[in-house]
Each structure stands twice: as C-alpha cells, then as structure tokens.
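Take a look at the structure set out below.
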Amino acid sequence: MIRSIIVIVFITFFIGTAVASERPTDAQLHAYKVVHHAEYLKTTAAQAGGTNKLIHTTKLPTEGTDPVVTPALDHLYTKAVIDLTSGPVVLEIPEVSKDRYFSIHITDQEHYTIYDEVRPLGKYVFIRKGKNIKVPEGAKAIESPGDYPHLFIRTQLFSEDDKPNVIAIQKQIKLTGVRKTLKFDNAIKFTLNTHDIYPQNKGILASVMDYCVEDHKKVFDFMTKLGETGKIKSNIGLFGPIDSDEPHSNDPVYRASAIVGHLGLPAKHAIYIPRFINCQGVPLNGDNTEVFTLPYEPPNVKEFWSITRYSAITRNTLPGKNDVFNAYNTQPDKNGNIIITFSSKDPKDGSYWMPVNAGDPYYYVIRYYGTDLNNLPPDACD
C-alpha cells in the first residue's frame with residue numbers, strides 16, 4: 001500500500017499538481033517512518049513465505065521492481081523479518097574473505113539501527129529486550145526492543161562472473177526460528193502492540209492513530225521539496241541508533257528523510273551522498289545533460305565506492321539501462337578521475353554514460369563504504 005502511495009505522490013508532484021506543504025508535526029514525521037517500515041516488513045515476510053525465513057537476492061535489482069527503496073547495486077542482499085514472538089532466533093554466519101565487503105545490519109520497528117557489523121562471523125542470537133534468556137557460550141546476543149527486528153546482510157558482488165561466489169556464501173547463512181505469517185491492518189497499532197516505544201518517543205505514535213494516506217502524502221510532498229533544497233547532504237544523522245551522536249540524529253526531519261533510502265547504514269559504517277539537484281541547484285531532469293567528475297580513488301575510503309542513479313518517480317532503478325558505476329567497471333583517466341555523463345542520449349565523448357529518461361526527474365547516490373567521518377570524501381559538486 002505505502003509503495004503505491006509513494007509512486008502516486010511522486011507522479012502527482014512532478015506533473016505539477018501537488019503544492020508544497022508546511023512542515024509536518026513531529027508525530028507525523030515519526031509515523032511516516034514507522035508506517036513505511038511496517039508495510040515493508042509485511043511485504044517482505046509475505047515474499048519470503050513467512051517470518052524467520054531468509055530471502056536471498058541472486059541478481060541485482062536493476063528492473064525497478066525491488067521493494068527496497070533506492071536499492072544499492074554493489075552487493076546481493078540477504079534479508080529476513082525476525083519474529084521473536086515464540087522465543088529467540090539464531091543466525092549463523094560463515095567466514096568471508098577480507099577482500100570482500102560483507103556486513104550485517106539490524107533495524108528495529110521505529111526505524112533505528114540496533115546492530116551493525118562489518119564482516120560478522122559465527123553465531124548470533126536475537127532476543128527480546130527485557131527477557132531473561134541465556135545465550136549459548138560463544139554466541140553474540142542482539143537485543144531487540146520489538147518482536148520484529150529486520151535483518152539485512154550485504155555481500156559485495158564484484159561482477160556478474162562473481163555471482164556464483166556470492167551465492168555460495170549466501171547458502172551458508174542459516175536462520176533458525178519459528179516461521180509465522182505477519183498480518184496487520186493498522187501499521188501504527190501493530191507497532192505499538194509489538195514494540196517497546198523508546199522513552200524519547202513516548203506518546204508520539206499514540207497521538208496519530210488516525211494517520212492516513214492523506215497524511216502520508218503530506219509528509220512525502222514535504223520530503224520531496226526538502227530533497228530539492230539540497231539541505232540533506234548525506235546520511236549523517238539518518239540511520240543510526242536512537243542514542244546516536246551523529247549530527248542531526250535528534251532532528252525528526254532528518255530521521256524521516258531516511259526513508260528515501262529506507263534500509264541505509266549508519267554514517268560510521270558508510271556515507272551516502274544523495275543528489276536531487278545539480279551543482280547550480282536545479283532539479284535533475286532527463287531533458288538536461290549533467291556531467292560530474294569524481295576521484296577514482298577517493299581519499300579515506302577503506303572499502304569501496306559506487307554511484308547509482310534512480311528514477312525520482314519510483315525511487316528505483318531504470319529497467320533496461322545501466323544504473324551503477326564503481327571501481328570494478330570503470331578506469332581512471334590521466335588525472336585519476338572518472339567523468340560521468342547523465343543524459344538521455346549517449347554523449348560518445350569518452351565519459352562514462354549514465355542513461356536517464358528524457359523528461360523524467362531522477363537522482364543519484366554516491367556510496368562510500370568505510371569512511372572517516374572527520375575527513376569525508378568529496379561530493380561531485382565540491
């Protein structure tokens with residue numbers, strides 16, 4: 001349902017019939033996150049065949065239909081809706097070579113990160129916070145304030161030829177728990193009934209039990225206009241835990257803006273730089289040609305980088321078109337840079353062409369994995 005709302009609101013906005021709204025209330029901003037995430041959990045559990053069941057993507061989400069908003073094309077996903085209503089759930093993770101990025105990320109029902117780790121290994125036990133449960137020796141406990149934390153594992157994919165290696169890793173990941181069907185009619189009521197609301201947010205969701213499609217459109221329109229301002233320059237403050245010390249992490253507007261990437265990582269893990277506008281502040285549109293220059297070896301990036309383009313109408317990839325450039329499918333020029341051209345027609349000028357649809361709005365995201373927050377790599381407009 002919410003995904004359909006997103007598409008409708010974006011189309012409405014970009015054909016010019018929507019108008020900018022005033023800032024939503026803090027309660028509406030929080031509900032925007034919670035409702036989107038709850039609907040995503042329901043959709044994902046249904047696709048998996050129930051809770052506590054792993055879904056492995058075995059091909060990159062390039063056809064614009066992935067339920068993950070703004071999906072990355074750097075890795076293949078493994079994900080599951082963890083269900084703790086019948087007790088602990090056990091996750092077993094194999095060892096992965098150090099030259100391959102591999103991570104685990106757990107998000108709670110209020111859309112806060114509760115655990116993340118690069119190159120996890122061994123046994124992890126998900127338990128409901130406050131339960132007196134003994135964890136097996138050698139296992140890591142992951143406490144969740146709700147019954148339905150979300151598990152997201154990223155395994156780096158170097159190329160199409162590398163796919164069998166990634167799938168072999170995915171097959172070694174094991175999840176053990178009671179499988180159930182996830183159903184609810186009211187996402188806010190569902191969250192209040194199955195998740196311990198953080199003290200910082202006490203009473204907020206309960207005040208918007210009547211949150212509806214019109215409210216969601218209002219918040220969505222506000223967020224779309226915010227994206228056009230360029231105010232949100234990265235994911236700093238968007239995805240961390242509720243007690244994150246990242247700048248802006250206590251700002252409801254920044255937190256709600258995270259839904260453009262939904263399952264993004266905290267900034268200490270990876271930096272995302274989204275761009276809805278060009279360097280002159282004009283919204284990106286397929287009728288215009290945009291050229292950006294980036295360093296092929298950006299400073300202070302321990303893992304890898306990529307740049308991916310998305311439709312601003314669907315917040316997803318464009319079917320039948322190249323969507324991503326990274327260090328594995330590009331080469332630096334004589335100055336150590338790569339030049340990327342966004343246009344509806346191939347420029348045939350030696351730059352790397354990122355095709356866009358004529359007349360359609362789009363945006364792109366630069367992802368830097370393993371960065372120094374005190375010395376960030378450059379944006380294309382720096």
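We label chains A, B, ... in the order they appear in the structure tokens, count residues from 1 in each chain, and number ligands from 1 in the order shown.
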Checklist line | Backbone DSSP call of helix (DSSP H, G or I) for segment 257-294 of chain A, listed as a count of residues only | finding: 4
Margin query: Run DSSP on the backbone and tell me which residues of segment 53-220 of chain A come out as strand (DSSP E); list them as JSON, numbers by chain.
Written below: {"A": [55, 56, 75, 76, 77, 78, 79, 80, 81, 89, 90, 91, 92, 93, 102, 103, 104, 105, 106, 107, 113, 114, 115, 116, 117, 118, 122, 123, 124, 125, 126, 127, 128, 140, 141, 142, 143, 144, 150, 151, 152, 153, 154, 155, 156, 174, 175, 176]}
Next item on the list: Write out as JSON, numbers by chain the residues lying within 10 Å of segment 25-39 of chain A, counting only C-alpha atoms and excluding same-chain residues fewer than 5 positions away.
Entry: {"A": [1, 2, 3, 6, 44, 45, 107, 108, 109, 110, 111, 112, 148, 150, 183, 184, 185, 186, 187, 188, 189, 190, 191, 201, 203, 204, 205, 206, 207, 208, 209, 211, 212, 215, 216, 217, 218, 219, 220, 223, 251, 252, 253, 254, 255, 256, 257, 258, 259, 262, 263]}
Next item on the list: Fewer than 6 positions away in the same chain doesn't count, so skip those; otherwise give me all residues within 12 Å of Pro319 of chain A, counting only C-alpha atoms, as a PyMOL selection string.
Entry: chain A and resi 60-66+309-311+355-357
Convert the current residue selection to file output with N, CA and C atoms, as a PDB file, in the first residue's frame.
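Okay, this is what ended up in part17.pdb:
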```
ATOM      1  N   LEU A  60      21.071  -8.588  -9.298  1.00  0.00           N
ATOM      2  CA  LEU A  60      20.974  -7.198  -8.887  1.00  0.00           C
ATOM      3  C   LEU A  60      19.598  -6.633  -9.232  1.00  0.00           C
ATOM      4  N   PRO A  61      19.046  -5.773  -8.369  1.00  0.00           N
ATOM      5  CA  PRO A  61      17.701  -5.213  -8.595  1.00  0.00           C
ATOM      6  C   PRO A  61      17.720  -4.081  -9.614  1.00  0.00           C
ATOM      7  N   THR A  62      17.892  -4.441 -10.883  1.00  0.00           N
ATOM      8  CA  THR A  62      18.041  -3.432 -11.935  1.00  0.00           C
ATOM      9  C   THR A  62      16.755  -3.154 -12.709  1.00  0.00           C
ATOM     10  N   GLU A  63      15.678  -3.864 -12.393  1.00  0.00           N
ATOM     11  CA  GLU A  63      14.458  -3.721 -13.193  1.00  0.00           C
ATOM     12  C   GLU A  63      13.408  -2.822 -12.563  1.00  0.00           C
ATOM     13  N   GLY A  64      13.767  -2.112 -11.515  1.00  0.00           N
ATOM     14  CA  GLY A  64      12.871  -1.114 -10.947  1.00  0.00           C
ATOM     15  C   GLY A  64      11.712  -1.655 -10.158  1.00  0.00           C
ATOM     16  N   THR A  65      11.769  -2.903  -9.712  1.00  0.00           N
ATOM     17  CA  THR A  65      10.644  -3.503  -9.003  1.00  0.00           C
ATOM     18  C   THR A  65      10.993  -3.940  -7.588  1.00  0.00           C
ATOM     19  N   ASP A  66      12.202  -3.656  -7.128  1.00  0.00           N
ATOM     20  CA  ASP A  66      12.621  -4.132  -5.808  1.00  0.00           C
ATOM     21  C   ASP A  66      11.852  -3.396  -4.710  1.00  0.00           C
ATOM     22  N   ARG A 309      22.180   5.659 -10.057  1.00  0.00           N
ATOM     23  CA  ARG A 309      21.119   6.589 -10.435  1.00  0.00           C
ATOM     24  C   ARG A 309      19.744   5.931 -10.326  1.00  0.00           C
ATOM     25  N   TYR A 310      18.747   6.729  -9.917  1.00  0.00           N
ATOM     26  CA  TYR A 310      17.393   6.215  -9.703  1.00  0.00           C
ATOM     27  C   TYR A 310      16.347   7.149 -10.306  1.00  0.00           C
ATOM     28  N   SER A 311      15.219   6.567 -10.650  1.00  0.00           N
ATOM     29  CA  SER A 311      14.062   7.364 -11.054  1.00  0.00           C
ATOM     30  C   SER A 311      13.500   8.085  -9.831  1.00  0.00           C
ATOM     31  N   PRO A 355      22.595   6.558 -18.493  1.00  0.00           N
ATOM     32  CA  PRO A 355      21.377   6.955 -19.218  1.00  0.00           C
ATOM     33  C   PRO A 355      20.235   7.321 -18.284  1.00  0.00           C
ATOM     34  N   VAL A 356      19.475   8.329 -18.694  1.00  0.00           N
ATOM     35  CA  VAL A 356      18.273   8.747 -17.973  1.00  0.00           C
ATOM     36  C   VAL A 356      17.147   8.891 -18.991  1.00  0.00           C
ATOM     37  N   ASN A 357      15.923   8.939 -18.515  1.00  0.00           N
ATOM     38  CA  ASN A 357      14.765   9.075 -19.401  1.00  0.00           C
ATOM     39  C   ASN A 357      14.470  10.543 -19.666  1.00  0.00           C
TER      40      ASN A 357
END
```
Checklist line | For Thr58 of chain A: contacts at 8 Å, only C-alpha atoms, fewer than 3 positions along chain excluded, given as a list in words | finding: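 The neighbour list is Leu76, Tyr77, Lys163 and Ile167 of chain A.
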Margin query: Counting only C-alpha atoms, which residue out of A:Lys129, A:Lys334, A:His248, A:Lys345 sits closest to Lys321 of chain A?
Written below: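 Closest to Lys321 of chain A, using only C-alpha atoms: A:Lys345.
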Item checked: Exercise: segment 194-197 of chain A partners within 6 Å, only C-alpha atoms, chain neighbours under 2 positions left out, as a ChimeraX atom specification -> /A:145-147,191-192
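When the distance limit is 8 Å and only C-alpha atoms are what count, the residues near Leu54 of chain A, minus those fewer than 4 positions from it on the same chain, are Ala48, Thr78, Lys79, Ala80 and Leu175 of chain A.
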Margin query: I need the residue nearest Ala267 of chain A from this list: A:Asp162, A:Asp346, A:Asp245, A:Glu297. Use only C-alpha atoms for the distance.
Written below: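 Answer, going by the shortest atom-to-atom distance: A:Asp245.
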Using only C-alpha atoms, find each residue in segment 214-308 of chain A having at least one atom no more than 10 Å away from segment 330-333 of chain A; report its shortest atom-to-atom pair and that distance in Å (one decimal), rows by chain then rising number, as a Markdown table.
```
| residue | atom | partner | partner_atom | distance |
| --- | --- | --- | --- | --- |
| A:Leu294 | CA | A:Pro332 | CA | 9.5 |
| A:Pro295 | CA | A:Pro332 | CA | 7.9 |
| A:Tyr296 | CA | A:Pro332 | CA | 5.6 |
| A:Glu297 | CA | A:Pro332 | CA | 8.5 |
```
Checklist line | Gap from atom CA of Arg179 of chain A to atom CA of Ser103 of chain A - Å, one decimal | finding: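 Value for the atom CA of Arg179 of chain A-atom CA of Ser103 of chain A distance: 24.0 Å.
Counting only C-alpha atoms, the residue from A:His269, A:Val324, A:Leu238, A:Gly177 that sits nearest to Arg119 of chain A is A:His269.
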Margin query: If I take atom CA of Arg367 of chain A and atom CA of Ser234 of chain A, how far is one from the other in Å, to one decimal?
Written below: 9.6 Å
Next item on the list: Would you mind reading off the distance between atom CA of Ile153 of chain A and atom CA of Ile104 of chain A, one decimal, in Å?
Entry: 4.5 Å
